Amino acid sequence: MANVEKLDVKNLNHHFGFTEILNDINFTLNKGKVLSIVGPSGGGKTTLLHLCAGLLDVEEGELKNSFISSSFAFQESRLLPWKNVIDNISLGLLSKGVKKRTAMKMSQDIAVKFGLEEEDFEKFPKDLSGGMKQRVSFARALVVKPSLLFLDEPFSALDIGLKRELQTHLLNEVKENNLTILFITHDLMEAIRLSDKILLLEADPGHIIKEFTFDVDIQKRDDEFVYNETAKILQDKTIIETFELYGLELK
Amino acid sequence: MKFIFKILKDFPSYLWSGWGAIASILLFVACWDFGNQVYGNLVLPSPLETFKTLYLMLQDDSVLLEINTTLYRAFTGFSISLLFGSLLGLTAGFFATASMMSRPIVTILVGMPPIAWIVLAMIWFGMGDETVIFTVIVASFPIIFVGALQGTRTLDGELKQMADSFNFPWHMKFFDVYFPHIFSYVFPAWVSGLGMSWKIVVMAELLATSNGIGASLAVARSQLDTPTALALVTIMIGSLMFIEYIILEPIKREVESWRM
């Protein structure tokens, strides 16, 4: 029987010292799906993502990850400052034992795909703009052709043009390579544009309070859909309470 | 290998950029000559006379022997500091307790004047190589130790996490993530440690030995032989400048090109 790739989280709890960060988290992420976890800052989203990605050890509960490969794109680009663009992109490939020459070639190809110019290839991160760094970081995460991609608010510091461009890349990867994404964000509109399912995480301690699913295929969502759904979701009572939106309207 | 090649390739352009430095050295020599004209030959011999004396000294085998002795002492002491300072510093940096405990000790080592160490070393080891080498070690060790300690203490946790997320094998973690960062702290510490060693070795020799450049300086002083004294100083400074600007600086530039 073929092993089905999926991420299964059951009754997951987590503490830092005496502080309870996550309480009874349950969800399943199937191959080829995009799952977003939204919630206010400091609600344990990043901790949850780190647990799923194996960057933190699970203390209580169950976490089964049967995806054959995964990679991580962080909120900050986290490039090695002493390596140039291409060397940074190829890191993931080299760590998997890909031959240096092949890794270079693949890295250059994906760099071009992500809108980097050939003259930038030799540059060190200090000479790149924030947007370029994030392109490199995305290229580094995707060049290894992961089956599952972890995203930790990677768009939060980007302008809307670049944001849209990188999101389009991701959607293409989902369509062409059946990429699975676990996506953390506090931006509802972003989540609505990209995800099959949204989990709402309430803080103190982080627990899933509601989930939203959308009927329209993610490849077919246009701006109108995203705006309408965002408007609708902002009326949702749970959303208003979780993000503490009440009483903030202009009088 | 590629790295060494790159250093050599950039070397001519680096040398070419040295004209400004040469101009400033010549200006300094001009001031020196002016001083000679004001105060006379006994107090401050002219640059020309000094360089003539230097030239004659360098023809003399016994002087070369003295220089060799000093080089041997400085490099033995410095190498020991380099090895142990780096190793212990890097290790201490990995443990919070060790770094906390080593701080006051480093302060004591740095705060203690080298001249006091020389006196102690003379009592412990007598007049000879050991005293000088010991003083050099004591003076340069804390500099290297602190540099290495800072190198490991300031390792970036976020980059470590990134490395973990890609499951870097150990050699990639070490050579691609840790080493360049640590090296950017340790290397400048080595350079200052070397400068320190080179200064301290002469001082220790002057007080504690009968040979080496320092001892020659003592002899020149007792004979009021200012040209020889200045020639010896020129040797010291010339060799330090050679090591620092011709050998170490090009390496440093290449190693830290990601910073500048």
# chains A, B, ... in the order shown; residues from 1 in each chain; ligands from 1

$ interface_residues --of "chain B" --to "chain A" --cutoff "12 Å" --atoms "only C-alpha atoms" --output "compact mmCIF listing (two decimals) with N, CA and C atoms, in the first residue's frame"
# COMPACT_ATOMS: atom_id res chain seq x y z
N LEU B 155 27.16 33.48 18.28
CA LEU B 155 26.60 32.70 17.17
C LEU B 155 25.09 32.95 17.07
N ASP B 156 24.62 33.06 15.86
CA ASP B 156 23.25 33.46 15.62
C ASP B 156 22.29 32.27 15.72
N GLY B 157 21.41 32.30 16.71
CA GLY B 157 20.46 31.21 16.91
C GLY B 157 19.53 31.03 15.73
N GLU B 158 19.19 32.13 15.06
CA GLU B 158 18.27 32.03 13.93
C GLU B 158 18.90 31.28 12.77
N LEU B 159 20.20 31.52 12.55
CA LEU B 159 20.87 30.79 11.47
C LEU B 159 21.01 29.32 11.83
N LYS B 160 21.23 29.04 13.12
CA LYS B 160 21.30 27.65 13.58
C LYS B 160 20.00 26.94 13.26
N GLN B 161 18.88 27.65 13.56
CA GLN B 161 17.56 27.08 13.31
C GLN B 161 17.36 26.82 11.81
N MET B 162 17.81 27.78 11.01
CA MET B 162 17.72 27.61 9.57
C MET B 162 18.49 26.35 9.15
N ALA B 163 19.69 26.20 9.70
CA ALA B 163 20.50 25.03 9.37
C ALA B 163 19.77 23.75 9.79
N ASP B 164 19.12 23.78 10.94
CA ASP B 164 18.37 22.61 11.38
C ASP B 164 17.20 22.32 10.46
N SER B 165 16.55 23.39 9.98
CA SER B 165 15.36 23.18 9.15
C SER B 165 15.74 22.50 7.83
N PHE B 166 16.99 22.67 7.39
CA PHE B 166 17.42 21.99 6.18
C PHE B 166 18.20 20.71 6.49
N ASN B 167 18.26 20.35 7.78
CA ASN B 167 19.02 19.16 8.19
C ASN B 167 20.44 19.16 7.68
N PHE B 168 21.14 20.27 7.88
CA PHE B 168 22.54 20.32 7.46
C PHE B 168 23.32 19.19 8.14
N PRO B 169 24.18 18.50 7.37
CA PRO B 169 25.09 17.56 8.03
C PRO B 169 26.11 18.34 8.86
N TRP B 170 26.79 17.66 9.78
CA TRP B 170 27.64 18.37 10.75
C TRP B 170 28.71 19.20 10.08
N HIS B 171 29.28 18.67 8.97
CA HIS B 171 30.39 19.43 8.38
C HIS B 171 29.89 20.72 7.74
N MET B 172 28.65 20.70 7.22
CA MET B 172 28.10 21.95 6.68
C MET B 172 27.78 22.93 7.80
N LYS B 173 27.23 22.39 8.89
CA LYS B 173 26.94 23.26 10.03
C LYS B 173 28.21 23.95 10.48
N PHE B 175 31.35 24.25 8.83
CA PHE B 175 32.11 25.07 7.88
C PHE B 175 31.30 26.22 7.27
N ASP B 176 29.98 26.02 7.11
CA ASP B 176 29.20 27.07 6.45
C ASP B 176 28.49 27.99 7.43
N VAL B 177 28.14 27.48 8.61
CA VAL B 177 27.36 28.31 9.52
C VAL B 177 28.22 28.87 10.67
N TYR B 178 28.94 27.98 11.36
CA TYR B 178 29.68 28.45 12.55
C TYR B 178 31.02 29.08 12.20
N PHE B 179 31.80 28.37 11.39
CA PHE B 179 33.18 28.78 11.19
C PHE B 179 33.36 30.21 10.67
N PRO B 180 32.65 30.62 9.61
CA PRO B 180 32.88 31.99 9.12
C PRO B 180 32.59 33.05 10.18
N HIS B 181 31.56 32.80 10.98
CA HIS B 181 31.23 33.75 12.03
C HIS B 181 32.33 33.80 13.09
N ILE B 182 32.71 32.63 13.57
CA ILE B 182 33.74 32.56 14.60
C ILE B 182 35.04 33.16 14.10
N PHE B 183 35.38 32.82 12.86
CA PHE B 183 36.64 33.30 12.29
C PHE B 183 36.68 34.82 12.22
N SER B 184 35.53 35.43 11.95
CA SER B 184 35.50 36.89 11.83
C SER B 184 35.76 37.56 13.18
N GLU B 254 39.85 39.44 2.26
CA GLU B 254 39.17 38.40 1.51
C GLU B 254 38.18 37.68 2.42
N VAL B 255 38.62 37.40 3.64
CA VAL B 255 37.78 36.66 4.58
C VAL B 255 36.53 37.47 4.94
N GLU B 256 36.70 38.78 5.01
CA GLU B 256 35.58 39.59 5.48
C GLU B 256 34.92 40.39 4.38
N SER B 257 35.09 39.94 3.14
CA SER B 257 34.50 40.72 2.04
C SER B 257 32.97 40.77 2.16
N TRP B 258 32.39 39.80 2.86
CA TRP B 258 30.93 39.81 3.03
C TRP B 258 30.48 40.88 3.99
N ARG B 259 31.44 41.50 4.71
CA ARG B 259 31.08 42.49 5.71
C ARG B 259 31.20 43.91 5.19
N MET B 260 32.26 44.11 4.42
CA MET B 260 32.59 45.50 4.05
C MET B 260 31.75 45.99 2.88

$ residues_around --residues "Asp8 (chain A)" --least-positions-apart "6" --cutoff "6 Å" --atoms "only C-alpha atoms" --output "list in words"
Thr28, Leu63 and Lys64 of chain A

$ closest_residue --among "B:Ala121, B:Val138, B:Leu90, B:Val63" --to "Ile200 (chain B)" --atoms "only C-alpha atoms"
B:Val138

$ atom_distance --atom1 "CA of His186 (chain A)" --atom2 "CA of Ser41 (chain A)"
7.0 Å

$ residues_around --residues "region 229-246 of chain B" --least-positions-apart "2" --cutoff "7 Å" --atoms "only C-alpha atoms" --output "PyMOL selection string"
chain B and resi 50-51+53-54+213+217+220+225-227+248-250

$ residues_around --residues "region 139-148 of chain B" --least-positions-apart "3" --cutoff "9 Å" --atoms "only C-alpha atoms" --output "ChimeraX atom specification"
/B:77-78,80-82,84-93,103,106-107,109-110,113-114,117,134-136,151-153,182-183,185-197,200

$ residues_around --residues "Arg221 (chain A)" --least-positions-apart "6" --cutoff "12 Å" --atoms "only C-alpha atoms" --output "mmCIF file with N, CA and C atoms, in the first residue's frame"
data_model
loop_
_atom_site.group_PDB
_atom_site.id
_atom_site.type_symbol
_atom_site.label_atom_id
_atom_site.label_comp_id
_atom_site.auth_asym_id
_atom_site.auth_seq_id
_atom_site.Cartn_x
_atom_site.Cartn_y
_atom_site.Cartn_z
ATOM 1 N N THR A 168 1.984 34.042 -6.171
ATOM 2 C CA THR A 168 1.703 33.384 -7.450
ATOM 3 C C THR A 168 2.654 32.215 -7.681
ATOM 4 N N LEU A 171 1.400 29.373 -5.619
ATOM 5 C CA LEU A 171 0.209 28.741 -6.199
ATOM 6 C C LEU A 171 0.591 27.863 -7.388
ATOM 7 N N MET A 189 -6.389 38.414 4.751
ATOM 8 C CA MET A 189 -6.579 38.448 3.303
ATOM 9 C C MET A 189 -5.621 37.487 2.607
ATOM 10 N N GLU A 190 -4.395 37.477 3.099
ATOM 11 C CA GLU A 190 -3.380 36.566 2.579
ATOM 12 C C GLU A 190 -3.836 35.118 2.748
ATOM 13 N N ALA A 191 -4.349 34.821 3.918
ATOM 14 C CA ALA A 191 -4.791 33.462 4.216
ATOM 15 C C ALA A 191 -5.939 33.059 3.291
ATOM 16 N N ILE A 192 -6.869 33.996 3.072
ATOM 17 C CA ILE A 192 -8.021 33.684 2.221
ATOM 18 C C ILE A 192 -7.581 33.442 0.784
ATOM 19 N N ARG A 193 -6.608 34.209 0.338
ATOM 20 C CA ARG A 193 -6.148 34.044 -1.047
ATOM 21 C C ARG A 193 -5.495 32.685 -1.263
ATOM 22 N N LEU A 194 -4.779 32.201 -0.264
ATOM 23 C CA LEU A 194 -3.905 31.049 -0.494
ATOM 24 C C LEU A 194 -4.408 29.717 0.024
ATOM 25 N N SER A 195 -5.370 29.735 0.982
ATOM 26 C CA SER A 195 -5.545 28.455 1.660
ATOM 27 C C SER A 195 -6.854 27.732 1.380
ATOM 28 N N ASP A 196 -6.749 26.399 1.463
ATOM 29 C CA ASP A 196 -7.943 25.572 1.383
ATOM 30 C C ASP A 196 -8.701 25.645 2.697
ATOM 31 N N PHE A 214 -13.183 27.074 2.224
ATOM 32 C CA PHE A 214 -13.731 27.810 1.079
ATOM 33 C C PHE A 214 -14.003 26.845 -0.060
ATOM 34 N N ASP A 215 -15.096 27.098 -0.767
ATOM 35 C CA ASP A 215 -15.508 26.177 -1.842
ATOM 36 C C ASP A 215 -14.711 26.402 -3.119
ATOM 37 N N TYR A 227 -11.639 39.850 -1.603
ATOM 38 C CA TYR A 227 -12.170 41.017 -0.877
ATOM 39 C C TYR A 227 -13.495 40.688 -0.197
ATOM 40 N N ASN A 228 -14.364 40.009 -0.931
ATOM 41 C CA ASN A 228 -15.660 39.660 -0.363
ATOM 42 C C ASN A 228 -15.534 38.753 0.845
ATOM 43 N N GLU A 229 -14.687 37.740 0.686
ATOM 44 C CA GLU A 229 -14.524 36.795 1.787
ATOM 45 C C GLU A 229 -13.890 37.478 2.992
#

$ closest_residue --among "B:Pro47, B:Gly40, B:Gly126, B:Gly20" --to "Thr228 (chain B)" --atoms "only C-alpha atoms"
B:Pro47

$ closest_residue --among "A:Glu119, A:Thr230, A:Val174, A:Gly131" --to "Asp217 (chain A)" --atoms "only C-alpha atoms"
A:Val174

$ atom_distance --atom1 "CA of Thr209 (chain B)" --atom2 "CA of Ile137 (chain B)"
16.7 Å

$ residues_around --residues "Asn11 (chain A)" --least-positions-apart "2" --cutoff "9 Å" --atoms "only C-alpha atoms" --output "list in words"
Val9, Asn13, Asn23, Asp24, Ile25, Asn26, Glu60, Gly61, Glu62 and Leu63 of chain A

$ atom_distance --atom1 "CA of Ile240 (chain A)" --atom2 "CA of Asp204 (chain A)"
16.3 Å

$ select_by_dssp --residues "region 120-216 of chain A" --states "alpha helix (DSSP H)" --output "JSON, numbers by chain"
{"A": [130, 131, 132, 133, 134, 135, 136, 137, 138, 139, 140, 141, 142, 160, 161, 162, 163, 164, 165, 166, 167, 168, 169, 170, 171, 172, 173, 174, 175, 176, 177, 188, 189, 190, 191, 192, 193, 194]}

$ residues_around --residues "Leu8 (chain B)" --least-positions-apart "5" --cutoff "12 Å" --atoms "only C-alpha atoms" --output "MDAnalysis selection string"
chainID B and resid 1:3 13:15 246:247 250:251 253:254

$ select_by_dssp --residues "region 8-208 of chain A" --states "strand (DSSP E or B)" --output "PyMOL selection string"
chain A and resi 8-16+19-30+34-38+60-65+70-73+148-152+180-185+197-202+206-208
